[in-house]
$ cat target23.txt   # compact mmCIF, C-alpha atoms and all ligand atoms
# COMPACT_ATOMS: atom_id res chain seq x y z
CA MET A 983 -78.11 -7.33 16.24
CA THR A 984 -74.34 -7.46 15.73
CA ALA A 985 -73.69 -3.92 14.54
CA ASP A 986 -70.76 -3.13 16.79
CA GLU A 987 -68.11 -5.64 15.74
CA GLY A 988 -66.29 -3.70 13.01
CA GLY A 989 -65.67 -5.14 9.54
CA LYS A 990 -67.39 -4.43 6.24
CA ILE A 991 -70.88 -5.44 7.28
CA PHE A 992 -73.36 -5.57 10.10
CA LEU A 993 -76.42 -7.74 10.56
CA ARG A 994 -79.80 -6.61 11.81
CA PRO A 995 -83.34 -7.93 11.58
CA LEU A 996 -85.21 -6.66 8.54
CA ASP A 997 -88.09 -4.26 9.04
CA GLU A 998 -90.85 -3.26 6.68
CA SER A 999 -88.93 -0.21 5.49
CA ASP A 1000 -86.37 -2.65 3.97
CA ALA A 1001 -88.97 -4.21 1.63
CA ALA A 1002 -88.06 -2.10 -1.43
CA ALA A 1003 -84.32 -2.71 -1.01
CA LEU A 1004 -84.92 -6.41 -0.46
CA PHE A 1005 -87.02 -6.68 -3.60
CA GLU A 1006 -84.42 -4.81 -5.62
CA ALA A 1007 -81.64 -7.09 -4.30
CA VAL A 1008 -83.62 -10.25 -5.14
CA ALA A 1009 -84.66 -8.92 -8.56
CA SER A 1010 -81.10 -7.98 -9.51
CA SER A 1011 -79.83 -11.43 -8.50
CA ARG A 1012 -82.83 -13.52 -9.52
CA SER A 1013 -81.32 -15.88 -12.06
CA ARG A 1014 -78.35 -16.79 -9.87
CA LEU A 1015 -80.41 -17.15 -6.68
CA LYS A 1016 -83.08 -19.19 -8.44
CA ARG A 1017 -80.52 -21.84 -9.26
CA ARG A 1018 -79.89 -22.46 -5.56
CA MET A 1019 -82.90 -21.37 -3.54
CA ALA A 1020 -86.47 -22.61 -3.78
CA TRP A 1021 -88.26 -19.49 -2.47
CA VAL A 1022 -87.06 -17.11 -5.20
CA GLY A 1023 -89.97 -17.73 -7.59
CA SER A 1024 -92.46 -16.69 -4.89
CA ILE A 1025 -90.94 -13.20 -4.58
CA ARG A 1026 -92.64 -11.21 -7.36
CA SER A 1027 -93.19 -7.80 -5.76
CA GLU A 1028 -92.23 -5.48 -2.96
CA GLY A 1029 -95.41 -6.66 -1.21
CA ASP A 1030 -94.09 -10.24 -1.24
CA CYS A 1031 -90.93 -8.95 0.45
CA ARG A 1032 -93.00 -7.10 3.04
CA GLU A 1033 -94.87 -10.33 3.75
CA PHE A 1034 -91.56 -12.23 4.09
CA ILE A 1035 -90.26 -9.55 6.49
CA ARG A 1036 -93.45 -9.77 8.59
CA SER A 1037 -93.25 -13.54 8.83
CA SER A 1038 -89.53 -13.33 9.64
CA PHE A 1039 -90.30 -10.87 12.41
CA ALA A 1040 -92.79 -13.32 13.93
CA ARG A 1041 -90.40 -16.28 13.61
CA ASN A 1042 -87.55 -14.24 15.12
CA ARG A 1043 -89.81 -13.20 18.00
CA ASP A 1044 -90.77 -16.82 18.68
CA ARG A 1045 -87.11 -17.91 18.38
CA ALA A 1046 -88.11 -20.31 15.62
CA ALA A 1047 -85.66 -18.54 13.30
CA LEU A 1048 -83.21 -15.72 13.15
CA VAL A 1049 -83.46 -13.87 9.85
CA GLU A 1050 -81.20 -10.86 9.45
CA GLY A 1051 -80.30 -8.48 6.66
CA ILE A 1052 -76.62 -8.19 5.74
CA PHE A 1053 -75.85 -4.47 5.44
CA GLU A 1054 -72.67 -2.88 4.18
CA ARG A 1055 -71.27 -0.68 6.89
CA ARG A 1056 -70.00 2.05 4.55
CA THR A 1057 -73.17 2.59 2.51
CA ARG A 1058 -75.73 0.95 4.83
CA ASN A 1059 -77.10 -0.80 1.71
CA LEU A 1060 -78.61 -4.27 1.88
CA ALA A 1061 -76.13 -6.81 0.48
CA GLY A 1062 -78.02 -10.02 1.28
CA VAL A 1063 -79.70 -12.09 3.97
CA ALA A 1064 -78.32 -14.47 6.60
CA ALA A 1065 -80.70 -16.85 8.32
CA LEU A 1066 -80.96 -19.54 10.91
CA THR A 1067 -84.14 -21.46 10.13
CA ARG A 1068 -85.72 -24.63 11.53
CA MET A 1069 -84.36 -23.34 14.80
CA SER A 1070 -85.20 -25.16 18.00
CA VAL A 1071 -83.72 -23.73 21.16
CA ALA A 1072 -84.99 -26.80 23.04
CA ASP A 1073 -83.20 -29.17 20.65
CA GLY A 1074 -80.21 -26.84 20.38
CA ARG A 1075 -80.01 -26.69 16.61
CA ALA A 1076 -80.75 -24.64 13.49
CA LYS A 1077 -80.07 -24.61 9.76
CA MET A 1078 -77.94 -21.79 8.34
CA SER A 1079 -78.41 -20.23 4.93
CA LEU A 1080 -77.02 -17.12 3.29
CA TRP A 1081 -77.25 -15.23 0.06
CA ILE A 1082 -75.42 -12.19 -1.27
CA ARG A 1083 -76.71 -9.98 -4.08
CA GLN A 1084 -75.07 -10.40 -7.45
CA GLU A 1085 -72.97 -7.21 -7.52
CA ARG A 1086 -71.51 -7.88 -4.09
CA VAL A 1087 -70.29 -11.47 -4.39
CA GLY A 1088 -66.60 -12.26 -4.07
CA MET A 1089 -65.89 -9.62 -1.42
CA GLY A 1090 -65.86 -11.89 1.62
CA LEU A 1091 -69.27 -10.69 2.80
CA ALA A 1092 -70.82 -14.17 3.13
CA VAL A 1093 -68.00 -15.49 5.32
CA ASP A 1094 -68.18 -12.38 7.49
CA ALA A 1095 -71.97 -12.69 7.80
CA GLY A 1096 -71.66 -16.40 8.56
CA ARG A 1097 -69.20 -15.74 11.39
CA ARG A 1098 -71.54 -13.21 12.91
CA ILE A 1099 -74.71 -15.28 12.76
CA LEU A 1100 -72.87 -18.34 14.10
CA LYS A 1101 -71.68 -16.35 17.10
CA THR A 1102 -75.27 -15.38 17.78
CA ALA A 1103 -76.41 -18.98 17.32
CA PHE A 1104 -73.94 -20.46 19.76
CA LEU A 1105 -73.19 -17.67 22.22
CA LYS A 1106 -76.55 -15.91 22.44
CA GLU A 1107 -79.16 -18.48 21.46
CA GLY A 1108 -77.25 -21.29 23.17
CA LEU A 1109 -77.49 -23.71 20.23
CA GLN A 1110 -75.22 -26.76 20.15
CA ARG A 1111 -75.28 -27.49 16.44
CA VAL A 1112 -75.79 -25.51 13.23
CA TYR A 1113 -76.14 -27.38 9.96
CA ALA A 1114 -76.26 -26.44 6.29
CA ARG A 1115 -77.40 -28.20 3.13
CA ILE A 1116 -75.84 -27.42 -0.23
CA GLU A 1117 -75.80 -28.87 -3.69
CA PRO A 1118 -72.54 -30.66 -4.56
CA SER A 1119 -72.09 -28.26 -7.49
CA ASN A 1120 -72.23 -25.17 -5.23
CA ARG A 1121 -68.49 -24.67 -4.87
CA ALA A 1122 -68.71 -21.15 -3.46
CA ALA A 1123 -71.05 -22.32 -0.68
CA ARG A 1124 -68.76 -25.28 0.11
CA ARG A 1125 -65.80 -22.92 0.36
CA ILE A 1126 -67.71 -20.66 2.75
CA LEU A 1127 -68.69 -23.56 4.99
CA GLN A 1128 -65.09 -24.80 5.07
CA LYS A 1129 -63.84 -21.33 5.98
CA LEU A 1130 -66.41 -21.16 8.78
CA GLY A 1131 -65.16 -24.47 10.18
CA PHE A 1132 -68.08 -26.72 9.20
CA ASN A 1133 -67.48 -30.45 8.78
CA TYR A 1134 -68.80 -32.54 5.89
CA GLU A 1135 -71.23 -35.15 7.21
CA GLY A 1136 -72.41 -36.96 4.09
CA CYS A 1137 -74.66 -36.60 1.08
CA LEU A 1138 -78.41 -37.14 0.79
CA ARG A 1139 -79.11 -38.33 -2.73
CA ARG A 1140 -82.02 -36.83 -4.66
CA GLU A 1141 -83.07 -35.14 -1.43
CA LYS A 1142 -85.24 -32.43 -2.93
CA LYS A 1143 -86.73 -30.98 -6.04
CA LEU A 1144 -85.40 -27.54 -6.92
CA ASN A 1145 -86.97 -25.73 -9.83
CA GLY A 1146 -88.07 -28.96 -11.43
CA ARG A 1147 -84.88 -30.99 -11.01
CA TRP A 1148 -84.01 -33.50 -8.30
CA VAL A 1149 -80.86 -32.49 -6.46
CA ASP A 1150 -78.49 -34.13 -4.02
CA GLN A 1151 -77.80 -32.32 -0.78
CA GLU A 1152 -74.47 -32.32 0.97
CA CYS A 1153 -74.81 -32.15 4.76
CA TRP A 1154 -72.42 -29.91 6.68
CA GLY A 1155 -72.43 -29.30 10.43
CA LEU A 1156 -70.72 -27.18 13.03
CA LEU A 1157 -70.81 -27.79 16.78
CA LYS A 1158 -70.55 -25.11 19.42
CA SER A 1159 -67.19 -26.54 20.52
CA GLU A 1160 -65.89 -26.10 16.95
CA LEU A 1161 -66.78 -22.43 16.59
CA LYS A 1162 -63.73 -20.53 15.34
CA LYS A 1163 -62.73 -17.74 17.69
C1 LIG A 1201 -72.55 -18.58 -2.08
C2 LIG A 1201 -72.58 -17.07 -1.84
C3 LIG A 1201 -73.37 -16.79 -0.54
C4 LIG A 1201 -71.13 -16.57 -1.71
O1 LIG A 1201 -71.15 -15.21 -1.30
P1 LIG A 1201 -69.79 -14.34 -1.33
O2 LIG A 1201 -70.03 -13.10 -0.55
O3 LIG A 1201 -69.32 -14.22 -2.72
O4 LIG A 1201 -68.79 -15.29 -0.52
P2 LIG A 1201 -67.36 -14.85 0.04
O5 LIG A 1201 -66.82 -13.76 -0.82
O6 LIG A 1201 -67.49 -14.59 1.52
O7 LIG A 1201 -66.50 -16.19 -0.12
C5 LIG A 1201 -66.60 -16.91 -1.31
C6 LIG A 1201 -65.48 -17.95 -1.30
O8 LIG A 1201 -65.84 -18.94 -2.25
C7 LIG A 1201 -64.86 -18.95 -3.27
N1 LIG A 1201 -65.55 -19.22 -4.51
C8 LIG A 1201 -66.43 -18.45 -5.17
N2 LIG A 1201 -66.84 -19.07 -6.28
C9 LIG A 1201 -66.20 -20.26 -6.31
C10 LIG A 1201 -66.19 -21.37 -7.20
N3 LIG A 1201 -66.96 -21.38 -8.28
N4 LIG A 1201 -65.40 -22.42 -6.90
C11 LIG A 1201 -64.63 -22.45 -5.79
N5 LIG A 1201 -64.61 -21.43 -4.88
C12 LIG A 1201 -65.37 -20.36 -5.16
C13 LIG A 1201 -64.22 -17.59 -3.24
O9 LIG A 1201 -62.94 -17.61 -3.86
C14 LIG A 1201 -64.16 -17.34 -1.75
O10 LIG A 1201 -63.12 -18.08 -1.16
P3 LIG A 1201 -61.70 -17.40 -0.81
O11 LIG A 1201 -62.02 -16.28 0.15
O12 LIG A 1201 -60.93 -18.48 -0.18
O13 LIG A 1201 -61.14 -16.89 -2.08
C15 LIG A 1201 -73.22 -16.30 -3.02
O14 LIG A 1201 -72.57 -16.67 -4.20
C16 LIG A 1201 -74.69 -16.58 -3.16
O15 LIG A 1201 -75.50 -15.80 -2.69
N6 LIG A 1201 -75.07 -17.70 -3.83
C17 LIG A 1201 -76.46 -18.07 -4.00
C18 LIG A 1201 -77.06 -18.60 -2.73
C19 LIG A 1201 -76.26 -19.77 -2.16
O16 LIG A 1201 -75.79 -20.64 -2.87
N7 LIG A 1201 -76.17 -19.78 -0.82
C20 LIG A 1201 -75.47 -20.82 -0.12
C21 LIG A 1201 -76.44 -21.62 0.64
S1 LIG A 1201 -75.85 -21.87 2.31
$ encode --input "target23.txt" --output "structure tokens"
Amino acid sequence: MTADEGGKIFLRPLDESDAAALFEAVASSRSRLKRRMAWVGSIRSEGDCREFIRSSFARNRDRAALVEGIFERRTRNLAGVAALTRMSVADGRAKMSLWIRQERVGMGLAVDAGRRILKTAFLKEGLQRVYARIEPSNRAARRILQKLGFNYEGCLRREKKLNGRWVDQECWGLLKSELKK
């Protein structure tokens, strides 16, 4: 947990009492999130969120992932989720992804959350490399990665199918030695 660093937000692992807030955040942002993230269609109820939180808890415990809620410090409301997935402490790497609920975009929350989870990745988990995959059309995500210090590493063409369309995936990576102070 990174609750003591000041700023607009803090991160903490989700627990089952967050399921209603998580469902509400996904539901209110569904059409925008669905464009970018494959899992959105599978979240149809608060129960689905509870299940996601349970599985995140298990993956966090096993250090196979680090999934944390992004909470606004002032209201303590859930603004989004930051995650390191496909994490391997042995191989020293993980994939970063982030989303922010519709009404809270454009306030710098994603960059702030990214900085915090990257610090945890490199300084606490001891990872050497964090990578991200984004669609070339996702200009906001590209801007965030640039602000976090990630480097562009190339583009995988027609890498995956997202909501019925084949999409390219830009590869971005950040090494421990490149972490911005
Ligand atoms: C991408 C996303 C996380 C951004 O969240 P956010 O809290 O609005 O991001 P921030 O406010 O921290 O920063 C956004 C930056 O992108 C810029 N930006 C936003 N939309 C943009 C666009 N269409 N073109 C170019 N830049 C854009 C903003 O100006 C800001 O940069 P600045 O601070 O230099 O002005 C949010 O839109 C989201 O949840 N999208 C859906 C999920 C997703 O695409 N996740 C990324 C996968 S890693």
$ residues_around --input "target23.txt" --residues "segment 1011-1028 of chain A" --least-positions-apart "6" --cutoff "6 Å" --atoms "all atoms listed in the file" --output "PyMOL selection string"
chain A and resi 1001-1002+1005+1083-1084+1144
$ atom_distance --input "target23.txt" --atom1 "atom CA of Thr1102 of chain A" --atom2 "atom O6 of ligand LIG 1201 (chain A)"
18.0 Å
$ closest_atom_pairs --input "target23.txt" --of "chain A" --to "ligand LIG 1201 (chain A)" --cutoff "7 Å" --atoms "all atoms listed in the file" --output "CSV"
residue,atom,partner,partner_atom,distance
A:Arg1014,CA,A:LIG1201,C17,6.3
A:Leu1015,CA,A:LIG1201,C17,4.9
A:Arg1018,CA,A:LIG1201,O16,5.2
A:Met1019,CA,A:LIG1201,C18,6.5
A:Met1078,CA,A:LIG1201,S1,6.4
A:Ser1079,CA,A:LIG1201,S1,4.0
A:Leu1080,CA,A:LIG1201,N7,5.0
A:Trp1081,CA,A:LIG1201,O15,3.3
A:Ile1082,CA,A:LIG1201,O15,3.9
A:Arg1083,CA,A:LIG1201,O15,6.1
A:Arg1086,CA,A:LIG1201,O2,6.5
A:Val1087,CA,A:LIG1201,O3,3.4
A:Gly1088,CA,A:LIG1201,O5,3.6
A:Met1089,CA,A:LIG1201,O5,4.3
A:Gly1090,CA,A:LIG1201,O6,3.2
A:Leu1091,CA,A:LIG1201,O2,4.2
A:Ala1092,CA,A:LIG1201,O6,3.7
A:Val1093,CA,A:LIG1201,O6,3.9
A:Asp1094,CA,A:LIG1201,O6,6.4
A:Ala1114,CA,A:LIG1201,S1,6.1
A:Arg1115,CA,A:LIG1201,S1,6.6
A:Ile1116,CA,A:LIG1201,C21,5.9
A:Asn1120,CA,A:LIG1201,O16,6.2
A:Arg1121,CA,A:LIG1201,N4,4.3
A:Ala1122,CA,A:LIG1201,O8,3.8
A:Ala1123,CA,A:LIG1201,C1,4.3
A:Arg1125,CA,A:LIG1201,O8,4.8
A:Ile1126,CA,A:LIG1201,C6,5.4
$ atom_distance --input "target23.txt" --atom1 "atom CA of Gln1151 of chain A" --atom2 "atom CA of Leu1138 of chain A"
5.1 Å
$ atom_distance --input "target23.txt" --atom1 "atom CA of Asp1073 of chain A" --atom2 "atom CA of Ile1052 of chain A"
26.6 Å
$ closest_residue --input "target23.txt" --among "A:Ala1003, A:Leu1156, A:Ile1035, A:Val1063" --to "Leu1100 of chain A" --atoms "only C-alpha atoms"
A:Leu1156
$ closest_residue --input "target23.txt" --among "A:Glu1006, A:Glu1141, A:Glu1160, A:Asp997" --to "Ala1040 of chain A" --atoms "only C-alpha atoms"
A:Asp997
$ closest_residue --input "target23.txt" --among "A:Asn1145, A:Ser1159, A:Gln1110, A:Thr1067" --to "Glu1050 of chain A" --atoms "all atoms listed in the file"
A:Thr1067
$ closest_residue --input "target23.txt" --among "A:Leu1048, A:Asp1030, A:Leu1157, A:Arg1098" --to "Val1112 of chain A" --atoms "only C-alpha atoms"
A:Leu1157
$ residues_around --input "target23.txt" --residues "Glu998 of chain A" --least-positions-apart "6" --cutoff "9 Å" --atoms "only C-alpha atoms" --output "MDAnalysis selection string"
chainID A and resid 1031:1033 1035:1036
$ closest_residue --input "target23.txt" --among "A:Ala1065, A:Val1149, A:Leu1161, A:Ile991" --to "Arg1045 of chain A" --atoms "all atoms listed in the file"
A:Ala1065
$ build_atoms --input "target23.txt" --residues "segment 1079-1095 of chain A" --atoms "N, CA and C atoms" --output "PDB file, keeping the file's coordinate frame"
ATOM      1  N   SER A1079     -78.504 -20.510   6.370  1.00  0.00           N
ATOM      2  CA  SER A1079     -78.410 -20.230   4.930  1.00  0.00           C
ATOM      3  C   SER A1079     -78.089 -18.751   4.726  1.00  0.00           C
ATOM      4  N   LEU A1080     -77.513 -18.471   3.580  1.00  0.00           N
ATOM      5  CA  LEU A1080     -77.020 -17.120   3.290  1.00  0.00           C
ATOM      6  C   LEU A1080     -77.181 -16.841   1.813  1.00  0.00           C
ATOM      7  N   TRP A1081     -77.442 -15.618   1.460  1.00  0.00           N
ATOM      8  CA  TRP A1081     -77.250 -15.230   0.060  1.00  0.00           C
ATOM      9  C   TRP A1081     -76.757 -13.788   0.016  1.00  0.00           C
ATOM     10  N   ILE A1082     -76.009 -13.523  -1.048  1.00  0.00           N
ATOM     11  CA  ILE A1082     -75.420 -12.190  -1.270  1.00  0.00           C
ATOM     12  C   ILE A1082     -75.847 -11.734  -2.655  1.00  0.00           C
ATOM     13  N   ARG A1083     -76.242 -10.466  -2.781  1.00  0.00           N
ATOM     14  CA  ARG A1083     -76.710  -9.980  -4.080  1.00  0.00           C
ATOM     15  C   ARG A1083     -75.561 -10.003  -5.102  1.00  0.00           C
ATOM     16  N   GLN A1084     -75.993 -10.172  -6.342  1.00  0.00           N
ATOM     17  CA  GLN A1084     -75.070 -10.400  -7.450  1.00  0.00           C
ATOM     18  C   GLN A1084     -73.853  -9.476  -7.471  1.00  0.00           C
ATOM     19  N   GLU A1085     -74.087  -8.157  -7.352  1.00  0.00           N
ATOM     20  CA  GLU A1085     -72.970  -7.210  -7.520  1.00  0.00           C
ATOM     21  C   GLU A1085     -72.021  -7.201  -6.335  1.00  0.00           C
ATOM     22  N   ARG A1086     -72.345  -7.923  -5.294  1.00  0.00           N
ATOM     23  CA  ARG A1086     -71.510  -7.880  -4.090  1.00  0.00           C
ATOM     24  C   ARG A1086     -70.850  -9.211  -3.769  1.00  0.00           C
ATOM     25  N   VAL A1087     -70.947 -10.186  -4.681  1.00  0.00           N
ATOM     26  CA  VAL A1087     -70.290 -11.470  -4.390  1.00  0.00           C
ATOM     27  C   VAL A1087     -68.781 -11.326  -4.558  1.00  0.00           C
ATOM     28  N   GLY A1088     -68.059 -12.234  -3.920  1.00  0.00           N
ATOM     29  CA  GLY A1088     -66.600 -12.260  -4.070  1.00  0.00           C
ATOM     30  C   GLY A1088     -65.861 -11.237  -3.242  1.00  0.00           C
ATOM     31  N   MET A1089     -66.537 -10.641  -2.258  1.00  0.00           N
ATOM     32  CA  MET A1089     -65.890  -9.620  -1.420  1.00  0.00           C
ATOM     33  C   MET A1089     -65.712 -10.103   0.027  1.00  0.00           C
ATOM     34  N   GLY A1090     -66.010 -11.361   0.257  1.00  0.00           N
ATOM     35  CA  GLY A1090     -65.860 -11.890   1.620  1.00  0.00           C
ATOM     36  C   GLY A1090     -67.052 -11.616   2.522  1.00  0.00           C
ATOM     37  N   LEU A1091     -68.145 -11.084   1.952  1.00  0.00           N
ATOM     38  CA  LEU A1091     -69.270 -10.690   2.800  1.00  0.00           C
ATOM     39  C   LEU A1091     -69.989 -11.901   3.403  1.00  0.00           C
ATOM     40  N   ALA A1092     -70.085 -12.997   2.626  1.00  0.00           N
ATOM     41  CA  ALA A1092     -70.820 -14.170   3.130  1.00  0.00           C
ATOM     42  C   ALA A1092     -70.076 -14.809   4.310  1.00  0.00           C
ATOM     43  N   VAL A1093     -68.767 -14.895   4.212  1.00  0.00           N
ATOM     44  CA  VAL A1093     -68.000 -15.490   5.320  1.00  0.00           C
ATOM     45  C   VAL A1093     -68.139 -14.610   6.562  1.00  0.00           C
ATOM     46  N   ASP A1094     -68.042 -13.312   6.367  1.00  0.00           N
ATOM     47  CA  ASP A1094     -68.180 -12.380   7.490  1.00  0.00           C
ATOM     48  C   ASP A1094     -69.572 -12.525   8.130  1.00  0.00           C
ATOM     49  N   ALA A1095     -70.597 -12.561   7.283  1.00  0.00           N
ATOM     50  CA  ALA A1095     -71.970 -12.690   7.800  1.00  0.00           C
ATOM     51  C   ALA A1095     -72.148 -14.034   8.507  1.00  0.00           C
TER      52      ALA A1095
END
